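Asker: This is start-v3.cif, which holds mmCIF, N, CA and C atoms and all ligand atoms:
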```
data_protein
#
loop_
_atom_site.label_atom_id
_atom_site.label_comp_id
_atom_site.auth_asym_id
_atom_site.auth_seq_id
_atom_site.Cartn_x
_atom_site.Cartn_y
_atom_site.Cartn_z
N MET L 1 -168.05 58.05 40.84
CA MET L 1 -168.56 58.35 42.18
C MET L 1 -167.77 59.51 42.81
N ASP L 2 -168.46 60.33 43.54
CA ASP L 2 -167.80 61.44 44.23
C ASP L 2 -166.74 60.90 45.20
N LYS L 3 -165.53 61.43 45.07
CA LYS L 3 -164.43 60.93 45.90
C LYS L 3 -164.69 61.12 47.40
N GLN L 4 -165.39 62.22 47.70
CA GLN L 4 -165.67 62.53 49.11
C GLN L 4 -166.65 61.56 49.76
N SER L 5 -167.41 60.85 48.95
CA SER L 5 -168.42 59.98 49.56
C SER L 5 -168.30 58.55 49.05
N CYS L 6 -167.05 58.10 48.90
CA CYS L 6 -166.79 56.76 48.38
C CYS L 6 -167.41 55.69 49.25
N CYS L 7 -167.55 56.00 50.53
CA CYS L 7 -167.96 54.94 51.46
C CYS L 7 -168.45 55.55 52.76
N LEU L 8 -168.99 54.68 53.58
CA LEU L 8 -169.51 55.13 54.87
C LEU L 8 -168.48 55.93 55.66
N TYR L 9 -167.23 55.46 55.63
CA TYR L 9 -166.14 56.14 56.34
C TYR L 9 -166.04 57.61 55.93
N GLU L 10 -166.07 57.86 54.63
CA GLU L 10 -165.98 59.24 54.12
C GLU L 10 -167.22 60.04 54.48
N ARG L 11 -168.39 59.43 54.31
CA ARG L 11 -169.63 60.15 54.60
C ARG L 11 -169.70 60.53 56.08
N PHE L 12 -169.12 59.68 56.91
CA PHE L 12 -169.09 59.92 58.35
C PHE L 12 -168.25 61.14 58.71
N GLY L 13 -167.25 61.40 57.85
CA GLY L 13 -166.36 62.53 58.12
C GLY L 13 -164.93 62.10 58.39
N GLY L 14 -164.63 60.84 58.06
CA GLY L 14 -163.25 60.37 58.14
C GLY L 14 -162.73 60.15 59.56
N ASP L 15 -161.40 60.14 59.65
CA ASP L 15 -160.67 59.81 60.88
C ASP L 15 -161.18 60.51 62.13
N GLN L 16 -161.32 61.82 62.02
CA GLN L 16 -161.69 62.62 63.18
C GLN L 16 -163.05 62.20 63.76
N GLN L 17 -164.00 61.99 62.86
CA GLN L 17 -165.35 61.65 63.31
C GLN L 17 -165.43 60.21 63.83
N VAL L 18 -164.72 59.30 63.18
CA VAL L 18 -164.71 57.91 63.66
C VAL L 18 -164.07 57.86 65.04
N SER L 19 -162.99 58.60 65.20
CA SER L 19 -162.29 58.66 66.47
C SER L 19 -163.22 59.20 67.57
N GLU L 20 -163.95 60.24 67.24
CA GLU L 20 -164.91 60.86 68.17
C GLU L 20 -166.01 59.87 68.55
N LEU L 21 -166.51 59.17 67.53
CA LEU L 21 -167.58 58.17 67.75
C LEU L 21 -167.12 57.12 68.76
N ILE L 22 -165.93 56.58 68.55
CA ILE L 22 -165.44 55.51 69.42
C ILE L 22 -165.17 56.02 70.84
N ASP L 23 -164.60 57.21 70.96
CA ASP L 23 -164.34 57.77 72.29
C ASP L 23 -165.64 57.97 73.07
N GLN L 24 -166.61 58.59 72.43
CA GLN L 24 -167.91 58.85 73.08
C GLN L 24 -168.59 57.53 73.43
N PHE L 25 -168.45 56.60 72.51
CA PHE L 25 -169.09 55.29 72.65
C PHE L 25 -168.60 54.56 73.90
N TYR L 26 -167.27 54.44 74.06
CA TYR L 26 -166.74 53.71 75.22
C TYR L 26 -166.99 54.45 76.52
N TYR L 27 -167.07 55.77 76.44
CA TYR L 27 -167.42 56.54 77.63
C TYR L 27 -168.78 56.06 78.14
N LYS L 28 -169.70 55.89 77.22
CA LYS L 28 -171.05 55.43 77.57
C LYS L 28 -171.07 53.97 78.01
N VAL L 29 -170.35 53.14 77.27
CA VAL L 29 -170.31 51.70 77.57
C VAL L 29 -169.80 51.46 79.00
N LEU L 30 -168.81 52.25 79.40
CA LEU L 30 -168.22 52.03 80.73
C LEU L 30 -169.11 52.51 81.87
N PHE L 31 -170.20 53.21 81.53
CA PHE L 31 -171.19 53.59 82.54
C PHE L 31 -172.37 52.62 82.57
N ASP L 32 -172.36 51.67 81.63
CA ASP L 32 -173.50 50.76 81.49
C ASP L 32 -173.29 49.53 82.37
N LYS L 33 -174.18 49.36 83.33
CA LYS L 33 -174.06 48.24 84.28
C LYS L 33 -174.05 46.89 83.59
N LEU L 34 -174.74 46.81 82.46
CA LEU L 34 -174.83 45.53 81.74
C LEU L 34 -173.51 45.18 81.04
N LEU L 35 -172.71 46.19 80.75
CA LEU L 35 -171.50 45.96 79.95
C LEU L 35 -170.18 46.20 80.67
N ARG L 36 -170.18 47.09 81.66
CA ARG L 36 -168.89 47.57 82.16
C ARG L 36 -168.00 46.49 82.78
N ASP L 37 -168.62 45.50 83.42
CA ASP L 37 -167.82 44.46 84.07
C ASP L 37 -166.93 43.69 83.09
N LYS L 38 -167.38 43.63 81.85
CA LYS L 38 -166.60 42.91 80.83
C LYS L 38 -165.27 43.61 80.56
N PHE L 39 -165.22 44.88 80.86
CA PHE L 39 -164.02 45.66 80.52
C PHE L 39 -163.08 45.88 81.70
N LEU L 40 -163.37 45.21 82.83
CA LEU L 40 -162.57 45.43 84.04
C LEU L 40 -161.08 45.24 83.82
N LYS L 41 -160.73 44.22 83.05
CA LYS L 41 -159.31 43.90 82.86
C LYS L 41 -158.74 44.47 81.57
N ALA L 42 -159.57 45.18 80.84
CA ALA L 42 -159.12 45.65 79.52
C ALA L 42 -158.26 46.90 79.62
N ASP L 43 -157.33 47.00 78.72
CA ASP L 43 -156.53 48.20 78.56
C ASP L 43 -157.33 49.10 77.60
N MET L 44 -158.07 50.05 78.18
CA MET L 44 -159.05 50.79 77.37
C MET L 44 -158.41 51.67 76.29
N SER L 45 -157.19 52.15 76.54
CA SER L 45 -156.62 52.97 75.46
C SER L 45 -156.26 52.08 74.27
N ARG L 46 -155.85 50.84 74.57
CA ARG L 46 -155.60 49.90 73.47
C ARG L 46 -156.91 49.54 72.75
N VAL L 47 -157.96 49.25 73.53
CA VAL L 47 -159.24 48.88 72.92
C VAL L 47 -159.72 50.01 72.00
N ARG L 48 -159.67 51.24 72.52
CA ARG L 48 -160.13 52.36 71.69
C ARG L 48 -159.30 52.51 70.42
N TYR L 49 -157.99 52.39 70.59
CA TYR L 49 -157.10 52.52 69.42
C TYR L 49 -157.40 51.43 68.38
N GLN L 50 -157.49 50.19 68.83
CA GLN L 50 -157.74 49.09 67.88
C GLN L 50 -159.14 49.18 67.28
N GLN L 51 -160.08 49.59 68.13
CA GLN L 51 -161.46 49.68 67.64
C GLN L 51 -161.60 50.78 66.58
N LYS L 52 -160.87 51.87 66.75
CA LYS L 52 -160.92 52.94 65.74
C LYS L 52 -160.43 52.41 64.39
N ARG L 53 -159.35 51.64 64.44
CA ARG L 53 -158.82 51.07 63.19
C ARG L 53 -159.79 50.04 62.60
N PHE L 54 -160.33 49.22 63.50
CA PHE L 54 -161.27 48.19 63.02
C PHE L 54 -162.48 48.84 62.36
N PHE L 55 -163.04 49.85 63.04
CA PHE L 55 -164.23 50.53 62.49
C PHE L 55 -163.91 51.24 61.18
N SER L 56 -162.76 51.92 61.12
CA SER L 56 -162.41 52.62 59.88
C SER L 56 -162.38 51.65 58.71
N GLN L 57 -161.70 50.53 58.92
CA GLN L 57 -161.62 49.53 57.86
C GLN L 57 -163.01 48.97 57.52
N MET L 58 -163.77 48.64 58.56
CA MET L 58 -165.11 48.09 58.37
C MET L 58 -166.02 49.06 57.60
N MET L 59 -165.78 50.36 57.81
CA MET L 59 -166.60 51.38 57.15
C MET L 59 -166.06 51.76 55.78
N GLY L 60 -165.04 51.05 55.33
CA GLY L 60 -164.59 51.20 53.95
C GLY L 60 -163.36 52.03 53.70
N ASP L 61 -162.65 52.42 54.78
CA ASP L 61 -161.43 53.20 54.56
C ASP L 61 -160.31 52.29 54.04
N GLN L 62 -159.89 52.58 52.81
CA GLN L 62 -158.90 51.73 52.14
C GLN L 62 -157.50 51.84 52.76
N LYS L 63 -157.23 52.97 53.40
CA LYS L 63 -155.86 53.18 53.88
C LYS L 63 -155.61 52.63 55.28
N THR L 64 -156.64 52.14 55.91
CA THR L 64 -156.46 51.61 57.27
C THR L 64 -156.50 50.08 57.28
N GLN L 65 -155.52 49.51 57.92
CA GLN L 65 -155.46 48.06 58.08
C GLN L 65 -155.57 47.74 59.57
N TYR L 66 -156.56 46.95 59.94
CA TYR L 66 -156.69 46.54 61.34
C TYR L 66 -155.53 45.61 61.70
N THR L 67 -154.85 45.94 62.80
CA THR L 67 -153.67 45.14 63.17
C THR L 67 -153.83 44.51 64.55
N GLY L 68 -155.04 44.56 65.08
CA GLY L 68 -155.28 44.01 66.42
C GLY L 68 -155.44 42.51 66.39
N ARG L 69 -155.82 41.98 67.52
CA ARG L 69 -155.98 40.52 67.64
C ARG L 69 -157.24 40.04 66.96
N ASP L 70 -157.26 38.75 66.71
CA ASP L 70 -158.41 38.11 66.11
C ASP L 70 -159.63 38.28 67.03
N LEU L 71 -160.76 38.67 66.45
CA LEU L 71 -161.94 38.98 67.28
C LEU L 71 -162.45 37.78 68.06
N ILE L 72 -162.34 36.60 67.49
CA ILE L 72 -162.78 35.40 68.22
C ILE L 72 -161.90 35.18 69.45
N GLU L 73 -160.59 35.28 69.25
CA GLU L 73 -159.64 35.10 70.37
C GLU L 73 -159.94 36.09 71.50
N VAL L 74 -160.22 37.34 71.12
CA VAL L 74 -160.44 38.40 72.11
C VAL L 74 -161.75 38.18 72.89
N HIS L 75 -162.80 37.76 72.21
CA HIS L 75 -164.12 37.74 72.83
C HIS L 75 -164.62 36.38 73.30
N ARG L 76 -163.98 35.33 72.84
CA ARG L 76 -164.47 33.96 73.12
C ARG L 76 -164.71 33.68 74.60
N ASN L 77 -163.78 34.14 75.43
CA ASN L 77 -163.89 33.81 76.86
C ASN L 77 -164.54 34.90 77.71
N LEU L 78 -165.12 35.90 77.06
CA LEU L 78 -165.74 37.00 77.82
C LEU L 78 -167.19 36.73 78.18
N GLY L 79 -167.78 35.68 77.62
CA GLY L 79 -169.15 35.33 77.96
C GLY L 79 -170.17 36.39 77.58
N ILE L 80 -169.98 37.01 76.44
CA ILE L 80 -170.90 38.07 75.99
C ILE L 80 -172.20 37.45 75.45
N SER L 81 -173.32 37.99 75.92
CA SER L 81 -174.63 37.47 75.52
C SER L 81 -175.22 38.30 74.37
N ASP L 82 -176.27 37.76 73.75
CA ASP L 82 -176.98 38.51 72.70
C ASP L 82 -177.51 39.82 73.24
N GLN L 83 -178.01 39.77 74.47
CA GLN L 83 -178.57 40.98 75.08
C GLN L 83 -177.48 42.07 75.23
N GLN L 84 -176.28 41.64 75.60
CA GLN L 84 -175.17 42.59 75.73
C GLN L 84 -174.75 43.13 74.36
N PHE L 85 -174.74 42.25 73.39
CA PHE L 85 -174.40 42.68 72.02
C PHE L 85 -175.42 43.71 71.53
N ASP L 86 -176.69 43.45 71.80
CA ASP L 86 -177.75 44.40 71.39
C ASP L 86 -177.55 45.77 72.05
N LYS L 87 -177.17 45.72 73.32
CA LYS L 87 -176.97 46.97 74.07
C LYS L 87 -175.78 47.75 73.49
N PHE L 88 -174.74 47.01 73.12
CA PHE L 88 -173.56 47.60 72.47
C PHE L 88 -174.01 48.36 71.22
N LYS L 89 -174.86 47.74 70.42
CA LYS L 89 -175.35 48.38 69.19
C LYS L 89 -176.22 49.60 69.50
N LEU L 90 -176.99 49.49 70.56
CA LEU L 90 -177.88 50.60 70.94
C LEU L 90 -177.07 51.86 71.32
N HIS L 91 -175.97 51.66 72.06
CA HIS L 91 -175.11 52.80 72.41
C HIS L 91 -174.51 53.43 71.16
N LEU L 92 -174.10 52.56 70.25
CA LEU L 92 -173.51 53.06 69.01
C LEU L 92 -174.52 53.91 68.24
N LYS L 93 -175.74 53.41 68.19
CA LYS L 93 -176.81 54.13 67.49
C LYS L 93 -177.06 55.50 68.14
N SER L 94 -177.13 55.51 69.46
CA SER L 94 -177.47 56.78 70.10
C SER L 94 -176.33 57.81 69.97
N ILE L 95 -175.09 57.34 70.01
CA ILE L 95 -173.97 58.28 69.80
C ILE L 95 -174.00 58.83 68.36
N ALA L 96 -174.23 57.92 67.41
CA ALA L 96 -174.27 58.36 66.00
C ALA L 96 -175.41 59.36 65.80
N GLN L 97 -176.54 59.12 66.47
CA GLN L 97 -177.66 60.08 66.38
C GLN L 97 -177.26 61.43 66.96
N ASP L 98 -176.59 61.38 68.11
CA ASP L 98 -176.12 62.63 68.74
C ASP L 98 -175.19 63.40 67.80
N MET L 99 -174.42 62.64 67.02
CA MET L 99 -173.47 63.28 66.09
C MET L 99 -174.14 63.69 64.78
N GLU L 100 -175.46 63.51 64.74
CA GLU L 100 -176.27 63.90 63.59
C GLU L 100 -175.87 63.20 62.29
N VAL L 101 -175.53 61.93 62.45
CA VAL L 101 -175.28 61.08 61.28
C VAL L 101 -176.64 60.73 60.68
N GLY L 102 -176.71 60.66 59.36
CA GLY L 102 -177.97 60.37 58.69
C GLY L 102 -178.51 58.97 59.01
N VAL L 103 -179.83 58.86 58.93
CA VAL L 103 -180.52 57.61 59.29
C VAL L 103 -179.98 56.41 58.49
N GLU L 104 -179.78 56.60 57.19
CA GLU L 104 -179.31 55.49 56.35
C GLU L 104 -177.88 55.09 56.68
N ASP L 105 -177.06 56.07 57.00
CA ASP L 105 -175.68 55.77 57.37
C ASP L 105 -175.62 55.03 58.72
N ILE L 106 -176.51 55.40 59.61
CA ILE L 106 -176.56 54.70 60.90
C ILE L 106 -176.97 53.24 60.67
N GLU L 107 -177.98 53.05 59.82
CA GLU L 107 -178.43 51.69 59.50
C GLU L 107 -177.28 50.87 58.92
N GLU L 108 -176.53 51.48 58.01
CA GLU L 108 -175.41 50.75 57.39
C GLU L 108 -174.34 50.39 58.43
N LEU L 109 -174.06 51.33 59.31
CA LEU L 109 -173.07 51.06 60.37
C LEU L 109 -173.52 49.88 61.24
N LEU L 110 -174.78 49.91 61.62
CA LEU L 110 -175.29 48.84 62.50
C LEU L 110 -175.32 47.49 61.79
N GLU L 111 -175.55 47.51 60.48
CA GLU L 111 -175.49 46.25 59.71
C GLU L 111 -174.08 45.69 59.70
N HIS L 112 -173.09 46.57 59.54
CA HIS L 112 -171.70 46.11 59.57
C HIS L 112 -171.38 45.45 60.91
N VAL L 113 -171.82 46.10 61.98
CA VAL L 113 -171.54 45.57 63.32
C VAL L 113 -172.25 44.23 63.51
N GLU L 114 -173.52 44.19 63.07
CA GLU L 114 -174.33 42.97 63.22
C GLU L 114 -173.63 41.76 62.60
N ARG L 115 -172.93 41.96 61.49
CA ARG L 115 -172.26 40.84 60.82
C ARG L 115 -171.19 40.18 61.69
N HIS L 116 -170.81 40.85 62.79
CA HIS L 116 -169.78 40.27 63.66
C HIS L 116 -170.36 39.58 64.89
N ARG L 117 -171.67 39.51 64.99
CA ARG L 117 -172.28 38.92 66.18
C ARG L 117 -171.72 37.52 66.46
N ASN L 118 -171.58 36.73 65.41
CA ASN L 118 -171.16 35.33 65.62
C ASN L 118 -169.70 35.16 66.05
N VAL L 119 -168.91 36.23 66.00
CA VAL L 119 -167.53 36.12 66.51
C VAL L 119 -167.37 36.82 67.86
N ILE L 120 -168.48 37.38 68.37
CA ILE L 120 -168.46 38.12 69.63
C ILE L 120 -169.27 37.40 70.71
N VAL L 121 -170.43 36.88 70.31
CA VAL L 121 -171.35 36.26 71.27
C VAL L 121 -171.11 34.76 71.36
N PHE L 122 -170.66 34.31 72.52
CA PHE L 122 -170.45 32.87 72.73
C PHE L 122 -171.28 32.35 73.88
N ASN L 123 -171.99 33.26 74.56
CA ASN L 123 -172.80 32.89 75.71
C ASN L 123 -174.23 32.66 75.27
N LYS L 124 -174.45 31.46 74.67
CA LYS L 124 -175.78 31.16 74.11
C LYS L 124 -176.61 30.38 75.11
C1 LIG H 201 -171.22 43.45 74.07
C2 LIG H 201 -170.32 43.59 73.12
C3 LIG H 201 -168.82 43.60 73.35
C4 LIG H 201 -168.08 43.52 74.50
C5 LIG H 201 -168.61 43.38 75.93
C6 LIG H 201 -166.68 43.56 74.12
C7 LIG H 201 -165.62 43.48 75.00
C8 LIG H 201 -164.30 43.64 74.68
C9 LIG H 201 -163.20 43.60 75.60
C10 LIG H 201 -163.31 43.33 77.12
C11 LIG H 201 -162.06 43.83 74.91
C12 LIG H 201 -160.63 43.89 75.50
C13 LIG H 201 -160.09 42.49 75.56
C14 LIG H 201 -158.68 42.41 76.08
O1 LIG H 201 -157.93 43.40 76.00
O2 LIG H 201 -158.28 41.34 76.54
C15 LIG H 201 -162.44 44.02 73.53
C16 LIG H 201 -161.55 44.30 72.51
C17 LIG H 201 -161.93 44.51 71.21
N1 LIG H 201 -163.20 44.38 70.69
FE1 LIG H 201 -164.88 43.98 71.71
N2 LIG H 201 -166.59 43.69 72.78
C18 LIG H 201 -167.87 43.72 72.26
C19 LIG H 201 -168.23 43.85 70.95
C20 LIG H 201 -167.36 44.07 69.92
C21 LIG H 201 -167.75 44.26 68.54
C22 LIG H 201 -169.19 44.21 68.03
C23 LIG H 201 -166.61 44.45 67.84
C24 LIG H 201 -166.42 44.68 66.39
C25 LIG H 201 -167.38 44.77 65.49
C26 LIG H 201 -165.50 44.42 68.78
C27 LIG H 201 -164.18 44.62 68.46
C28 LIG H 201 -163.13 44.66 69.35
C29 LIG H 201 -161.77 45.00 69.01
C30 LIG H 201 -161.27 45.40 67.62
C31 LIG H 201 -161.00 44.91 70.16
C32 LIG H 201 -159.49 45.21 70.31
C33 LIG H 201 -158.68 43.95 70.10
C34 LIG H 201 -157.23 44.15 70.45
O3 LIG H 201 -156.93 44.81 71.45
O4 LIG H 201 -156.36 43.64 69.71
N3 LIG H 201 -166.00 44.17 70.03
N4 LIG H 201 -163.79 43.90 73.41
#
```
I'd like the structure from this file rewritten - as structure tokens, please.
Ligand code: HEM

Answerer:
Amino acid sequence: MDKQSCCLYERFGGDQQVSELIDQFYYKVLFDKLLRDKFLKADMSRVRYQQKRFFSQMMGDQKTQYTGRDLIEVHRNLGISDQQFDKFKLHLKSIAQDMEVGVEDIEELLEHVERHRNVIVFNK
């Protein structure tokens, strides 16, 4: 396999692009009335930093190890609904589209995120 395209992380463009994706993403999330209240008490520079590492690892980067808190611990008491989770994914999709990521890569990214729904959504 071509070393440059070992995984979604590489196809995305590596560290720089993942970092850009997450920065743009939270900029949008914090303007979203449906989501922003959840982040009132959050240390956003920490969230962005940890999320970049989490996403890099999730997208297949072998050299990155997520060192943040357990996702259940972090999200359990935030009361996040399915509707909010869907909106989170929608922002991610639109940023990735803006960055001209390919359709299949966007689908793969969203599938990775979807697999975490059950550790994020507790407001059923
Ligand atoms: C509607 C969806 C979501 C909302 C409203 C949300 C909200 C939050 C909030 C408020 C924090 C900061 C918590 C704190 O510092 O006490 C946080 C941290 C975090 N979230 Fe989410 N989240 C959502 C979805 C997700 C998803 C889908 C993932 C991963 C696939 C994720 C991964 C993380 C990570 C890695 C952190 C950083 C943990 C740390 O600081 O150690 N979140 N989230």

Asker: In Å to one decimal, how far is atom N of L:His75 from atom C of L:Met99?

Answerer: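 Distance between the two atoms: 29.3 Å.
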
Asker: Could I get the residues of chain L with an atom no further than 9 Å from an atom of ligand LIG 201 (chain H), each paired with its nearest atom pair and that distance in Å to one decimal, using only C-alpha atoms and all ligand atoms, sorted by chain and residue number, as a Markdown table?

Answerer:
```
| residue | atom | partner | partner_atom | distance |
| --- | --- | --- | --- | --- |
| L:Val29 | CA | H:LIG201 | C5 | 8.6 |
| L:Leu34 | CA | H:LIG201 | C1 | 8.7 |
| L:Leu35 | CA | H:LIG201 | C5 | 5.6 |
| L:Arg36 | CA | H:LIG201 | C5 | 7.5 |
| L:Asp37 | CA | H:LIG201 | C5 | 8.2 |
| L:Lys38 | CA | H:LIG201 | C10 | 5.0 |
| L:Phe39 | CA | H:LIG201 | C10 | 4.2 |
| L:Leu40 | CA | H:LIG201 | C10 | 7.3 |
| L:Lys41 | CA | H:LIG201 | O2 | 6.9 |
| L:Ala42 | CA | H:LIG201 | O1 | 4.3 |
| L:Asp43 | CA | H:LIG201 | O1 | 5.6 |
| L:Met44 | CA | H:LIG201 | C12 | 7.3 |
| L:Arg46 | CA | H:LIG201 | O3 | 5.6 |
| L:Val47 | CA | H:LIG201 | C32 | 4.5 |
| L:Arg48 | CA | H:LIG201 | C32 | 7.3 |
| L:Tyr49 | CA | H:LIG201 | C32 | 7.7 |
| L:Gln50 | CA | H:LIG201 | C32 | 4.9 |
| L:Gln51 | CA | H:LIG201 | C30 | 4.3 |
| L:Lys52 | CA | H:LIG201 | C30 | 7.8 |
| L:Arg53 | CA | H:LIG201 | C30 | 7.6 |
| L:Phe54 | CA | H:LIG201 | C30 | 5.4 |
| L:Phe55 | CA | H:LIG201 | C25 | 7.2 |
| L:Met58 | CA | H:LIG201 | C25 | 8.2 |
| L:Tyr66 | CA | H:LIG201 | C30 | 7.9 |
| L:Thr67 | CA | H:LIG201 | O4 | 7.2 |
| L:Gly68 | CA | H:LIG201 | O4 | 3.5 |
| L:Arg69 | CA | H:LIG201 | O4 | 3.8 |
| L:Asp70 | CA | H:LIG201 | O4 | 6.9 |
| L:Leu71 | CA | H:LIG201 | C28 | 6.2 |
| L:Glu73 | CA | H:LIG201 | O2 | 8.9 |
| L:Val74 | CA | H:LIG201 | C13 | 5.4 |
| L:His75 | CA | H:LIG201 | C8 | 6.2 |
| L:Leu78 | CA | H:LIG201 | C10 | 6.8 |
| L:Gly79 | CA | H:LIG201 | C5 | 8.3 |
| L:Ile80 | CA | H:LIG201 | C1 | 5.7 |
| L:Ser81 | CA | H:LIG201 | C1 | 7.0 |
| L:Asp82 | CA | H:LIG201 | C1 | 7.7 |
| L:Gln83 | CA | H:LIG201 | C1 | 7.8 |
| L:Gln84 | CA | H:LIG201 | C1 | 4.4 |
| L:Phe85 | CA | H:LIG201 | C1 | 3.9 |
| L:Asp86 | CA | H:LIG201 | C1 | 7.1 |
| L:Lys87 | CA | H:LIG201 | C1 | 6.7 |
| L:Phe88 | CA | H:LIG201 | C1 | 5.0 |
| L:Lys89 | CA | H:LIG201 | C22 | 7.5 |
| L:His112 | CA | H:LIG201 | C25 | 7.5 |
| L:Val113 | CA | H:LIG201 | C25 | 4.8 |
| L:Glu114 | CA | H:LIG201 | C22 | 7.1 |
| L:Arg115 | CA | H:LIG201 | C25 | 7.8 |
| L:His116 | CA | H:LIG201 | C25 | 5.4 |
| L:Arg117 | CA | H:LIG201 | C22 | 6.4 |
| L:Val119 | CA | H:LIG201 | C21 | 8.4 |
| L:Ile120 | CA | H:LIG201 | C19 | 5.9 |
| L:Val121 | CA | H:LIG201 | C2 | 7.6 |
```

Asker: Which of chain L counts as alpha helix (DSSP H) under DSSP, as a VMD selection string please?

Answerer: chain L and resid 8 to 12 14 to 29 44 to 58 71 to 75 82 to 98 103 to 114 117 to 120

Asker: Taking every listed atom of stretch 9-14 of chain L and adding 5 Å to each side, what centre and edge lengths in Å (one decimal) does the axis-aligned box have, as lines of an AutoDock Vina configuration file?

Answerer:
```
center_x = -166.2
center_y = 59.0
center_z = 56.8
size_x = 17.0
size_y = 17.1
size_z = 15.4
```

Asker: When you count only N, CA and C atoms, which of these residues is closest to L:Arg76: L:Phe25, L:Phe122, L:Phe12, L:Phe31?

Answerer: L:Phe122

Asker: Record the distance separating atom CA of L:His91 and atom N of L:Glu10, expressed in Å with one decimal.

Answerer: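 Computing it gives 20.6 Å between the two atoms.
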
Asker: Taking only C-alpha atoms into account, which of L:Val18, L:Glu111, L:Ile106, L:Ser56 comes nearest L:Ser94?

Answerer: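 Of all the options, L:Ile106 lies closest to L:Ser94.
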
Asker: Quick one: stretch 104-119 of chain L from the block, N, CA and C atoms, as a PDB file, in the first residue's frame.

Answerer:
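Output saved as out-v9.pdb:
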```pdb
ATOM      1  N   GLU L 104     -15.973   9.948  -0.138  1.00  0.00           N
ATOM      2  CA  GLU L 104     -15.779   8.677   0.563  1.00  0.00           C
ATOM      3  C   GLU L 104     -15.031   8.851   1.872  1.00  0.00           C
ATOM      4  N   ASP L 105     -14.083   9.764   1.879  1.00  0.00           N
ATOM      5  CA  ASP L 105     -13.340  10.026   3.116  1.00  0.00           C
ATOM      6  C   ASP L 105     -14.242  10.683   4.166  1.00  0.00           C
ATOM      7  N   ILE L 106     -15.137  11.528   3.708  1.00  0.00           N
ATOM      8  CA  ILE L 106     -16.079  12.157   4.644  1.00  0.00           C
ATOM      9  C   ILE L 106     -16.985  11.082   5.248  1.00  0.00           C
ATOM     10  N   GLU L 107     -17.466  10.182   4.385  1.00  0.00           N
ATOM     11  CA  GLU L 107     -18.317   9.083   4.871  1.00  0.00           C
ATOM     12  C   GLU L 107     -17.586   8.257   5.921  1.00  0.00           C
ATOM     13  N   GLU L 108     -16.318   7.955   5.646  1.00  0.00           N
ATOM     14  CA  GLU L 108     -15.541   7.147   6.593  1.00  0.00           C
ATOM     15  C   GLU L 108     -15.362   7.882   7.925  1.00  0.00           C
ATOM     16  N   LEU L 109     -15.088   9.167   7.839  1.00  0.00           N
ATOM     17  CA  LEU L 109     -14.931   9.964   9.062  1.00  0.00           C
ATOM     18  C   LEU L 109     -16.216   9.929   9.899  1.00  0.00           C
ATOM     19  N   LEU L 110     -17.336  10.125   9.219  1.00  0.00           N
ATOM     20  CA  LEU L 110     -18.619  10.160   9.936  1.00  0.00           C
ATOM     21  C   LEU L 110     -18.967   8.797  10.531  1.00  0.00           C
ATOM     22  N   GLU L 111     -18.558   7.729   9.853  1.00  0.00           N
ATOM     23  CA  GLU L 111     -18.774   6.382  10.411  1.00  0.00           C
ATOM     24  C   GLU L 111     -17.967   6.187  11.689  1.00  0.00           C
ATOM     25  N   HIS L 112     -16.731   6.671  11.678  1.00  0.00           N
ATOM     26  CA  HIS L 112     -15.901   6.573  12.887  1.00  0.00           C
ATOM     27  C   HIS L 112     -16.566   7.306  14.053  1.00  0.00           C
ATOM     28  N   VAL L 113     -17.065   8.499  13.763  1.00  0.00           N
ATOM     29  CA  VAL L 113     -17.694   9.298  14.822  1.00  0.00           C
ATOM     30  C   VAL L 113     -18.957   8.595  15.316  1.00  0.00           C
ATOM     31  N   GLU L 114     -19.743   8.093  14.359  1.00  0.00           N
ATOM     32  CA  GLU L 114     -21.007   7.422  14.700  1.00  0.00           C
ATOM     33  C   GLU L 114     -20.790   6.285  15.699  1.00  0.00           C
ATOM     34  N   ARG L 115     -19.670   5.580  15.575  1.00  0.00           N
ATOM     35  CA  ARG L 115     -19.397   4.456  16.485  1.00  0.00           C
ATOM     36  C   ARG L 115     -19.289   4.874  17.948  1.00  0.00           C
ATOM     37  N   HIS L 116     -19.163   6.190  18.186  1.00  0.00           N
ATOM     38  CA  HIS L 116     -19.040   6.663  19.570  1.00  0.00           C
ATOM     39  C   HIS L 116     -20.352   7.192  20.140  1.00  0.00           C
ATOM     40  N   ARG L 117     -21.419   7.100  19.378  1.00  0.00           N
ATOM     41  CA  ARG L 117     -22.697   7.655  19.846  1.00  0.00           C
ATOM     42  C   ARG L 117     -23.066   7.125  21.234  1.00  0.00           C
ATOM     43  N   ASN L 118     -22.871   5.828  21.434  1.00  0.00           N
ATOM     44  CA  ASN L 118     -23.318   5.224  22.703  1.00  0.00           C
ATOM     45  C   ASN L 118     -22.478   5.619  23.926  1.00  0.00           C
ATOM     46  N   VAL L 119     -21.339   6.279  23.710  1.00  0.00           N
ATOM     47  CA  VAL L 119     -20.577   6.769  24.867  1.00  0.00           C
ATOM     48  C   VAL L 119     -20.712   8.286  25.040  1.00  0.00           C
TER      49      VAL L 119
END
```
